[in-house]
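structure.tsv follows (TSV, C-alpha atoms):
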chain	number	residue	atom	x	y	z
A	235	MET	CA	80.63	74.55	125.54
A	236	ARG	CA	83.94	74.59	127.39
A	237	ILE	CA	84.59	71.77	129.86
A	238	ILE	CA	86.98	72.17	132.78
A	239	ASP	CA	87.81	68.98	134.67
A	240	VAL	CA	88.19	69.26	138.43
A	241	VAL	CA	90.23	66.24	139.45
A	242	SER	CA	91.38	65.68	143.02
A	243	GLY	CA	92.24	62.69	145.13
A	244	GLU	CA	88.65	61.99	146.11
A	245	ASN	CA	86.34	63.84	143.71
A	246	THR	CA	86.16	64.37	139.98
A	247	TYR	CA	83.56	66.50	138.23
A	248	ASN	CA	83.09	68.75	135.22
A	249	VAL	CA	82.53	72.49	135.07
A	250	CYS	CA	80.59	73.35	131.92
A	251	VAL	CA	80.94	76.94	130.71
A	252	THR	CA	78.33	77.54	128.06
A	253	ARG	CA	75.57	79.75	126.69
A	254	GLY	CA	71.91	78.99	127.30
A	255	PHE	CA	70.27	76.14	129.17
A	256	ASP	CA	69.76	73.83	126.20
A	257	GLY	CA	72.79	71.72	127.13
A	258	LEU	CA	71.72	71.14	130.73
A	259	ALA	CA	69.77	67.92	130.18
A	260	GLU	CA	72.61	66.39	128.19
A	261	ALA	CA	75.19	67.46	130.76
A	262	LEU	CA	73.15	65.80	133.52
A	263	SER	CA	72.79	62.65	131.44
A	264	GLN	CA	76.50	62.45	130.64
A	265	ALA	CA	77.27	62.82	134.34
A	266	GLY	CA	74.93	59.93	135.14
A	267	LEU	CA	72.52	62.20	136.99
A	268	ALA	CA	69.36	61.97	134.87
A	269	GLY	CA	66.29	59.94	135.77
A	270	ARG	CA	66.49	60.51	139.53
A	271	ARG	CA	64.21	62.02	142.12
A	272	THR	CA	65.20	65.63	141.75
A	273	ALA	CA	64.82	68.74	143.90
A	274	VAL	CA	65.67	72.19	142.60
A	275	ILE	CA	66.57	74.85	145.18
A	276	CYS	CA	66.55	78.47	144.00
A	277	ASP	CA	66.39	81.92	145.57
A	278	ASP	CA	63.52	84.32	145.02
A	279	GLY	CA	65.66	86.72	142.99
A	280	VAL	CA	66.70	84.17	140.38
A	281	ALA	CA	63.46	82.14	140.28
A	282	PRO	CA	61.46	84.59	138.11
A	283	LEU	CA	64.31	84.75	135.61
A	284	TYR	CA	65.52	81.19	135.14
A	285	LEU	CA	63.58	78.62	137.16
A	286	ALA	CA	61.16	77.89	134.30
A	287	ASP	CA	64.09	77.31	131.92
A	288	VAL	CA	65.63	74.77	134.27
A	289	ARG	CA	62.30	73.09	135.01
A	290	GLU	CA	61.63	72.68	131.29
A	291	ARG	CA	64.91	70.80	130.80
A	292	VAL	CA	65.06	68.83	134.05
A	293	ALA	CA	61.53	67.81	135.00
A	294	PRO	CA	60.75	65.67	131.90
A	295	ASN	CA	63.80	63.49	132.55
A	296	ALA	CA	63.37	63.14	136.31
A	297	GLU	CA	61.75	60.24	138.12
A	298	TYR	CA	60.16	62.83	140.41
A	299	TYR	CA	60.53	66.61	140.39
A	300	ALA	CA	60.08	69.23	143.13
A	301	GLU	CA	61.32	72.77	143.62
A	302	MET	CA	61.81	75.13	146.53
A	303	ILE	CA	62.38	78.88	146.54
A	304	ILE	CA	64.27	80.43	149.44
A	305	GLY	CA	65.04	84.04	150.29
A	306	ALA	CA	67.94	85.80	148.60
A	307	GLY	CA	70.84	87.43	150.40
A	308	GLU	CA	73.31	86.49	153.11
A	309	ALA	CA	70.49	86.19	155.68
A	310	ALA	CA	69.53	82.91	153.98
A	311	LYS	CA	72.77	81.34	155.22
A	312	SER	CA	71.26	80.42	158.57
A	313	PHE	CA	70.23	77.42	160.63
A	314	PRO	CA	66.48	78.05	160.03
A	315	ALA	CA	67.03	78.12	156.25
A	316	LEU	CA	69.19	74.99	156.44
A	317	GLU	CA	66.52	73.18	158.42
A	318	SER	CA	63.77	74.25	156.02
A	319	ILE	CA	65.70	72.83	153.05
A	320	CYS	CA	66.31	69.53	154.85
A	321	SER	CA	62.61	69.35	155.79
A	322	PHE	CA	61.67	70.00	152.17
A	323	LEU	CA	63.92	67.17	151.03
A	324	MET	CA	62.36	64.87	153.60
A	325	ASP	CA	58.80	65.88	152.73
A	326	ASN	CA	59.52	65.04	149.08
A	327	ARG	CA	61.11	61.71	150.02
A	328	MET	CA	64.49	62.47	148.59
A	329	GLN	CA	66.84	59.54	149.01
A	330	ARG	CA	70.60	59.07	149.06
A	331	ASP	CA	70.62	58.50	145.30
A	332	SER	CA	68.36	61.49	144.61
A	333	LEU	CA	69.65	64.72	143.13
A	334	MET	CA	69.62	68.32	144.27
A	335	ILE	CA	70.05	71.05	141.67
A	336	ILE	CA	71.01	74.44	143.07
A	337	LEU	CA	70.11	77.37	140.82
A	338	GLY	CA	71.64	80.76	141.56
A	339	GLY	CA	74.73	82.27	143.12
A	340	GLY	CA	77.06	81.73	146.02
A	341	VAL	CA	74.60	82.21	148.87
A	342	VAL	CA	72.07	79.60	147.77
A	343	SER	CA	74.83	77.17	146.80
A	344	ASP	CA	76.47	77.59	150.22
A	345	VAL	CA	73.36	76.83	152.27
A	346	ALA	CA	71.74	74.31	149.91
A	347	GLY	CA	75.10	72.63	149.29
A	348	PHE	CA	75.48	72.27	153.06
A	349	ALA	CA	72.01	70.71	153.20
A	350	ALA	CA	73.04	68.26	150.47
A	351	ALA	CA	76.18	67.42	152.46
A	352	ILE	CA	74.31	66.53	155.64
A	353	TYR	CA	70.91	65.24	154.45
A	354	MET	CA	71.06	61.45	154.84
A	355	ARG	CA	74.81	62.04	155.29
A	356	GLY	CA	75.13	63.29	151.76
A	357	ILE	CA	73.27	63.35	148.44
A	358	PRO	CA	74.70	64.42	145.07
A	359	TYR	CA	74.10	67.99	143.98
A	360	VAL	CA	74.62	70.12	140.89
A	361	ILE	CA	75.25	73.85	140.80
A	362	VAL	CA	73.67	75.81	137.96
A	363	SER	CA	75.48	79.13	138.39
A	364	THR	CA	73.89	82.45	137.47
A	365	THR	CA	76.36	84.92	139.03
A	366	LEU	CA	79.93	85.77	138.15
A	367	LEU	CA	81.13	85.10	141.69
A	368	SER	CA	79.61	81.63	141.65
A	369	MET	CA	80.84	80.77	138.14
A	370	CYS	CA	84.41	81.88	138.76
A	371	ASP	CA	84.86	80.88	142.36
A	372	SER	CA	82.31	79.56	144.84
A	373	SER	CA	80.87	76.78	142.65
A	374	ILE	CA	84.26	75.06	142.45
A	375	GLY	CA	85.88	73.28	145.36
A	376	GLY	CA	82.99	72.02	147.46
A	377	LYS	CA	83.01	74.54	150.30
A	378	THR	CA	79.53	74.88	151.79
A	379	GLY	CA	78.36	76.60	154.93
A	380	ILE	CA	76.26	79.07	156.88
A	381	ASP	CA	76.97	82.10	159.06
A	382	ILE	CA	76.51	82.62	162.78
A	383	GLY	CA	76.03	86.30	163.51
A	384	GLU	CA	79.07	88.26	162.33
A	385	HIS	CA	81.05	85.04	161.81
A	386	LYS	CA	80.96	84.03	158.16
A	387	ASN	CA	80.90	80.38	157.03
A	388	VAL	CA	81.94	79.07	160.46
A	389	VAL	CA	79.64	76.04	160.19
A	390	GLY	CA	79.85	73.97	157.05
A	391	ALA	CA	81.31	71.01	155.24
A	392	PHE	CA	83.43	70.10	152.25
A	393	ALA	CA	81.07	68.51	149.74
A	394	ALA	CA	82.06	68.59	146.08
A	395	PRO	CA	79.30	69.07	143.50
A	396	ALA	CA	78.66	66.32	140.98
A	397	LEU	CA	78.53	68.90	138.17
A	398	VAL	CA	78.74	72.65	137.65
A	399	TYR	CA	76.81	74.24	134.78
A	400	SER	CA	77.55	77.93	134.11
A	401	ASN	CA	75.42	79.75	131.55
A	402	VAL	CA	77.27	83.01	130.90
A	403	GLU	CA	74.18	84.53	129.26
A	404	THR	CA	72.67	84.89	132.74
A	405	LEU	CA	75.39	87.42	133.55
A	406	ARG	CA	73.66	89.90	131.27
A	407	THR	CA	70.80	90.22	133.77
A	408	LEU	CA	73.15	90.52	136.74
A	409	PRO	CA	73.01	93.95	138.42
A	410	ALA	CA	76.18	96.02	138.02
A	411	ARG	CA	77.05	95.83	141.72
A	412	GLU	CA	76.75	92.03	141.75
A	413	PHE	CA	78.83	91.74	138.59
A	414	ALA	CA	81.54	93.94	140.11
A	415	SER	CA	81.47	91.80	143.24
A	416	GLY	CA	82.31	88.74	141.14
A	417	MET	CA	85.17	90.60	139.48
A	418	ALA	CA	86.90	90.87	142.88
A	419	GLU	CA	87.37	87.09	142.86
A	420	VAL	CA	88.51	87.19	139.24
A	421	VAL	CA	91.23	89.74	140.06
A	422	LYS	CA	92.21	87.64	143.08
A	423	HIS	CA	92.82	84.61	140.85
A	424	ALA	CA	95.03	86.66	138.56
A	425	LEU	CA	97.02	88.21	141.41
A	426	ILE	CA	97.82	84.93	143.13
A	427	LYS	CA	98.41	82.74	140.09
A	428	ASP	CA	98.77	84.36	136.69
A	429	GLU	CA	100.17	87.79	135.85
A	430	SER	CA	99.20	87.31	132.20
A	431	TYR	CA	95.56	86.94	133.27
A	432	LEU	CA	95.81	90.24	135.16
A	433	GLU	CA	97.16	91.90	132.02
A	434	TRP	CA	94.37	90.35	129.94
A	435	ILE	CA	91.72	91.69	132.32
A	436	GLY	CA	93.18	95.18	132.06
A	437	SER	CA	93.26	94.95	128.27
A	438	ASN	CA	89.68	93.69	127.96
A	439	LEU	CA	87.80	96.05	130.24
A	440	ASP	CA	85.53	97.26	127.43
A	441	GLY	CA	84.38	93.72	126.64
A	442	ILE	CA	83.98	92.93	130.33
A	443	ARG	CA	81.87	96.03	130.96
A	444	ALA	CA	79.76	95.36	127.87
A	445	LYS	CA	79.32	91.73	128.97
A	446	ASP	CA	80.45	90.55	125.59
A	447	LEU	CA	79.79	86.81	125.56
A	448	ASP	CA	83.11	85.83	123.97
A	449	THR	CA	84.92	87.85	126.62
A	450	LEU	CA	82.82	86.35	129.41
A	451	ASP	CA	83.48	82.83	128.10
A	452	ARG	CA	87.22	83.43	128.32
A	453	LEU	CA	87.02	85.18	131.68
A	454	VAL	CA	84.97	82.47	133.40
A	455	THR	CA	86.99	79.65	131.82
A	456	TRP	CA	90.33	81.18	132.82
A	457	SER	CA	89.26	81.67	136.44
A	458	CYS	CA	87.78	78.17	136.58
A	459	GLU	CA	91.03	76.68	135.28
A	460	ILE	CA	93.02	78.52	137.95
A	461	LYS	CA	90.76	77.51	140.81
A	462	ALA	CA	90.38	73.93	139.58
A	463	GLY	CA	94.15	73.60	139.42
A	464	VAL	CA	94.56	74.77	143.02
A	465	VAL	CA	91.68	72.65	144.35
A	466	ALA	CA	93.06	69.55	142.62
A	467	GLN	CA	96.26	69.84	144.66
A	468	ASP	CA	94.62	70.39	148.04
A	469	GLU	CA	90.88	69.77	148.01
A	470	PHE	CA	90.39	69.83	151.78
A	471	GLU	CA	92.90	72.62	152.54
A	472	ARG	CA	95.25	70.31	154.45
A	473	LYS	CA	98.51	71.01	152.63
A	474	GLY	CA	98.56	74.78	152.58
A	475	VAL	CA	98.18	74.92	148.79
A	476	ARG	CA	94.50	75.84	148.73
A	477	GLU	CA	94.98	78.51	151.39
A	478	ILE	CA	96.25	80.92	148.74
A	479	LEU	CA	92.66	81.22	147.50
A	480	ASN	CA	91.96	83.07	150.75
A	481	PHE	CA	93.93	86.10	149.52
A	482	GLY	CA	92.04	89.15	150.82
A	483	HIS	CA	89.41	87.00	152.52
A	484	THR	CA	90.57	87.05	156.15
A	485	PHE	CA	90.36	90.84	156.11
A	486	GLY	CA	87.26	90.72	153.91
A	487	HIS	CA	85.19	88.28	155.95
A	488	ALA	CA	85.65	90.37	159.10
A	489	ILE	CA	84.62	93.54	157.27
A	490	GLU	CA	81.62	91.74	155.79
A	491	GLY	CA	80.47	90.56	159.21
A	492	LEU	CA	80.93	93.96	160.84
A	493	SER	CA	78.92	95.59	158.05
A	494	GLY	CA	75.98	93.38	159.01
A	495	TYR	CA	76.29	91.84	155.54
A	496	ASN	CA	75.11	95.11	154.02
A	497	MET	CA	78.17	94.97	151.77
A	498	ARG	CA	78.60	92.41	149.02
A	499	HIS	CA	81.10	89.62	149.53
A	500	GLY	CA	83.20	90.74	146.58
A	501	GLU	CA	83.26	94.33	147.82
A	502	CYS	CA	84.71	93.16	151.13
A	503	VAL	CA	87.18	90.88	149.32
A	504	SER	CA	88.27	93.89	147.27
A	505	ILE	CA	88.97	95.87	150.44
A	506	GLY	CA	90.76	92.86	151.92
A	507	THR	CA	92.75	92.45	148.73
A	508	SER	CA	93.80	96.09	148.96
A	509	ALA	CA	94.93	95.59	152.56
A	510	ALA	CA	96.88	92.45	151.61
A	511	LEU	CA	98.51	94.24	148.66
A	512	ARG	CA	99.59	97.16	150.81
A	513	LEU	CA	100.93	94.83	153.49
A	514	SER	CA	102.82	92.85	150.84
A	515	ALA	CA	104.51	96.07	149.73
A	516	HIS	CA	105.17	97.06	153.33
A	517	PHE	CA	107.18	93.85	153.78
A	518	GLY	CA	109.09	94.49	150.56
A	519	TYR	CA	107.55	91.63	148.56
A	520	ILE	CA	106.02	93.71	145.76
A	521	GLY	CA	106.55	97.26	144.63
A	522	ASP	CA	104.38	100.30	145.18
A	523	ASP	CA	103.74	100.56	141.44
A	524	GLU	CA	102.26	97.05	141.40
A	525	VAL	CA	100.05	97.91	144.35
A	526	ARG	CA	98.82	101.11	142.71
A	527	SER	CA	98.13	99.27	139.45
A	528	ALA	CA	96.14	96.46	141.09
A	529	ILE	CA	94.16	98.80	143.34
A	530	GLY	CA	93.51	101.05	140.35
A	531	LEU	CA	92.08	98.09	138.46
A	532	LEU	CA	89.74	97.27	141.36
A	533	LYS	CA	88.54	100.87	141.42
A	534	THR	CA	88.05	100.86	137.65
A	535	LEU	CA	85.87	97.79	138.04
A	536	GLY	CA	83.65	99.70	140.48
A	537	LEU	CA	84.95	98.10	143.65
A	538	PRO	CA	85.81	99.74	146.99
A	539	THR	CA	89.41	99.57	148.15
A	540	GLY	CA	89.23	101.15	151.59
A	541	VAL	CA	87.31	101.17	154.85
A	542	THR	CA	85.67	104.47	155.72
A	543	ALA	CA	87.34	105.99	158.76
A	544	GLY	CA	84.98	106.61	161.67
A	545	GLY	CA	82.90	103.52	160.98
A	546	PHE	CA	84.75	100.58	162.49
A	547	SER	CA	88.23	100.63	163.95
A	548	PRO	CA	91.16	98.47	162.87
A	549	GLU	CA	91.05	96.90	166.32
A	550	GLN	CA	87.43	95.80	165.85
A	551	ILE	CA	88.25	94.26	162.49
A	552	TYR	CA	91.31	92.50	163.92
A	553	ASP	CA	89.32	91.03	166.83
A	554	LEU	CA	86.81	89.50	164.42
A	555	MET	CA	89.60	88.23	162.19
A	556	LEU	CA	90.78	86.09	165.11
A	557	SER	CA	87.64	83.95	164.73
A	558	ASP	CA	88.47	83.22	161.10
A	559	LYS	CA	88.80	79.58	160.00
A	560	LYS	CA	92.37	80.20	158.87
A	561	VAL	CA	93.54	80.85	162.44
A	562	LYS	CA	95.86	78.06	163.64
A	563	GLY	CA	97.39	77.82	167.09
A	564	GLY	CA	95.78	81.14	167.95
A	565	LYS	CA	97.66	82.88	165.12
A	566	LEU	CA	96.31	84.47	161.97
A	567	ARG	CA	97.55	83.22	158.62
A	568	LEU	CA	97.39	85.83	155.89
A	569	ILE	CA	98.00	85.32	152.21
A	570	LEU	CA	100.34	87.94	150.78
A	571	LEU	CA	101.98	88.38	147.37
A	572	LYS	CA	105.64	87.48	147.05
A	573	GLN	CA	105.24	88.77	143.51
A	574	VAL	CA	102.27	89.15	141.18
A	575	GLY	CA	101.27	85.60	140.30
A	576	GLU	CA	102.92	84.05	143.37
A	577	ALA	CA	101.31	84.01	146.81
A	578	VAL	CA	102.88	83.23	150.16
A	579	ILE	CA	101.41	82.31	153.56
A	580	TYR	CA	102.43	84.67	156.34
A	581	ALA	CA	101.66	84.60	160.09
A	582	PRO	CA	101.51	88.29	161.06
A	583	THR	CA	101.65	89.89	164.46
A	584	ARG	CA	98.75	91.94	165.72
A	585	GLU	CA	100.71	95.11	165.01
A	586	GLU	CA	101.38	94.07	161.41
A	587	VAL	CA	97.70	93.38	160.77
A	588	LEU	CA	96.78	96.77	162.22
A	589	ILE	CA	99.33	98.40	159.91
A	590	GLY	CA	97.61	96.80	156.91
A	591	LEU	CA	94.22	97.98	158.13
A	592	GLN	CA	95.43	101.50	158.89
A	593	MET	CA	96.74	101.77	155.33
A	594	THR	CA	93.29	100.77	154.08
A	595	MET	CA	91.38	103.41	156.05
A	596	THR	CA	89.87	106.21	153.97
A	597	THR	CA	88.12	109.45	154.78
A	598	ASN	CA	85.68	109.25	151.88
A	599	LYS	CA	82.35	110.89	152.60
A	600	GLY	CA	79.20	109.40	151.15
A	601	ASP	CA	80.98	106.44	149.57
A	602	GLU	CA	78.12	104.06	148.74
A	603	HIS	CA	80.38	101.11	149.43
A	604	GLY	CA	82.11	102.65	152.47
A	605	MET	CA	81.87	100.66	155.66
A	606	GLY	CA	80.60	103.48	157.83
A	607	LYS	CA	78.16	103.07	160.67
A	608	GLN	CA	75.13	101.10	159.54
What is this structure when it is put down as structure tokens?
Amino acid sequence: MRIIDVVSGENTYNVCVTRGFDGLAEALSQAGLAGRRTAVICDDGVAPLYLADVRERVAPNAEYYAEMIIGAGEAAKSFPALESICSFLMDNRMQRDSLMIILGGGVVSDVAGFAAAIYMRGIPYVIVSTTLLSMCDSSIGGKTGIDIGEHKNVVGAFAAPALVYSNVETLRTLPAREFASGMAEVVKHALIKDESYLEWIGSNLDGIRAKDLDTLDRLVTWSCEIKAGVVAQDEFERKGVREILNFGHTFGHAIEGLSGYNMRHGECVSIGTSAALRLSAHFGYIGDDEVRSAIGLLKTLGLPTGVTAGGFSPEQIYDLMLSDKKVKGGKLRLILLKQVGEAVIYAPTREEVLIGLQMTMTTNKGDEHGMGKQ
């Protein structure tokens, strides 16, 4: 088991990267979380695979045990789902010192984590990650939230988990499209913080594709270390440090919303990353060769890198980008690359954003990931 410490000014917790669920009970005990009234929240895609494993290791050590299964997919990040989780916690008499365990990926941890943040003004929660995106990115940093229509994560709270437990063996049951979606966040970490990580990813594609456990251990740990290091400096995104983690996301969130959430989060981040890379080169920060190499890697990983022309216009995407959480003083704040491994915050004009989007338009026909008309 590899342990990554997330240490910030207000919250400290461990991220455990391991194989199997056998270490879960001990991890909970060491974190001082055993023996409590415990509620497990899981989505209906993960429940048949892993809920019994978690129940077997958690229920015997809990003062009281209950579990709830919610729907999978971005539609679960809604006010009705949030209310249903809070009602479930109330019906099972969960208290401020009770424990919520969230089993699954980024969607269930977003909505259930938000419920944990607001129920009785906050109860501790643990994330047991089963997706690459959750393990490498969304489980760390305490961002929780739900969507309103096309607007992604506009209602939420910062609420750090008490523990993150990532069993990389679960990645072997992850569908190829979901795995690729997680790789978009992995590549993002490398681009903004560590060129050597980017080179390692390119050199270990065979192991990544084969889901070799040693390779996955290193991959998840490396990404966790990068994100933990950024979060530790700016947990609540007040200093501008944590904003670099939004690389590709301002573009990506707008595309995701316009697609009606028919595209995966990582697919939209990949397109947004491509737009940010091209715009970085347009401003003379990085070279065309670096852009081609990074976009080529995304394509090799099975990710889309362009928006299908004729679906949604750059102007539509830009208008939705203006509702993004990173907008300050009515101005967008994009993360661009000064060089590979070093990100910079840039406030673009409308025309500059449209340039980036125009460069990301494609004319691909029948692209299964293309953002054509839904």
Write out as a PDB file with C-alpha atoms, keeping the file's coordinate frame each polymer residue whose atoms come within 9 Å of Leu439 in chain A, counting all atoms listed in the file; drop sequence neighbours fewer than 5 positions from it.
ATOM      1  CA  TRP A 434      94.370  90.350 129.940  1.00  0.00           C
ATOM      2  CA  ALA A 444      79.760  95.360 127.870  1.00  0.00           C
ATOM      3  CA  THR A 534      88.050 100.860 137.650  1.00  0.00           C
ATOM      4  CA  LEU A 535      85.870  97.790 138.040  1.00  0.00           C
TER       5      LEU A 535
END
Exercise. What does the distance from CA of Glu469 in chain A to CA of Val240 in chain A come to in Å, to one decimal?
Worked result: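 Those two atoms sit 10.0 Å apart.
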Exercise. Looking at A:Arg327, A:Lys461, A:Arg406, A:Arg443, which one is nearest to Cys370 in chain A, with distances taken over all atoms listed in the file?
Worked result: A:Lys461
Exercise. Using only C-alpha atoms, which of A:Gly338, A:Pro548, A:Gly307, A:Gly575 sits nearest Leu408 in chain A?
Worked result: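 So, comparing all the options, the nearest one is A:Gly338.
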For this session: Work out how far apart CA of Leu262 in chain A and CA of Val362 in chain A are and give it in Å to one decimal.
Result: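 Separating CA of Leu262 in chain A from CA of Val362 in chain A is a distance of 11.0 Å.
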Exercise. Which residue gives the smallest distance to Val360 in chain A among A:Val342, A:Leu554, A:Ile303, A:Ala410, with all atoms listed in the file counted?
Worked result: A:Val342
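In terms of minimum interatomic distance to Gly390 in chain A, A:Gly347 ranks closest within A:Gly347, A:Gly416, A:Gly257, A:Pro314, counting all atoms listed in the file.
From CA of Gly482 in chain A back to CA of Gln550 in chain A, the distance works out to 17.1 Å.
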Exercise. Hey, what's within 8 Å of Ala273 in chain A if we count all atoms listed in the file and toss same-chain stuff fewer than 5 positions away? As an MDAnalysis selection string, please?
Worked result: chainID A and resid 299:302 323 328 333:335
Go ahead and write the residues just picked, C-alpha atoms, as a short mmCIF file (atom, residue, chain, number, x, y, z; two decimals), in the frame of the given file.
data_model
loop_
_atom_site.label_atom_id
_atom_site.label_comp_id
_atom_site.auth_asym_id
_atom_site.auth_seq_id
_atom_site.Cartn_x
_atom_site.Cartn_y
_atom_site.Cartn_z
CA TYR A 299 60.53 66.61 140.39
CA ALA A 300 60.08 69.23 143.13
CA GLU A 301 61.32 72.77 143.62
CA MET A 302 61.81 75.13 146.53
CA LEU A 323 63.92 67.17 151.03
CA MET A 328 64.49 62.47 148.59
CA LEU A 333 69.65 64.72 143.13
CA MET A 334 69.62 68.32 144.27
CA ILE A 335 70.05 71.05 141.67
#
For this session: Give as a VMD selection string every residue, naming chains and numbers as the document does, that has an atom within 8 Å of (88.7, 87.3, 144.9), counting only C-alpha atoms.
Result: chain A and resid 371 416 to 423 479 to 483 500 503 to 504 507
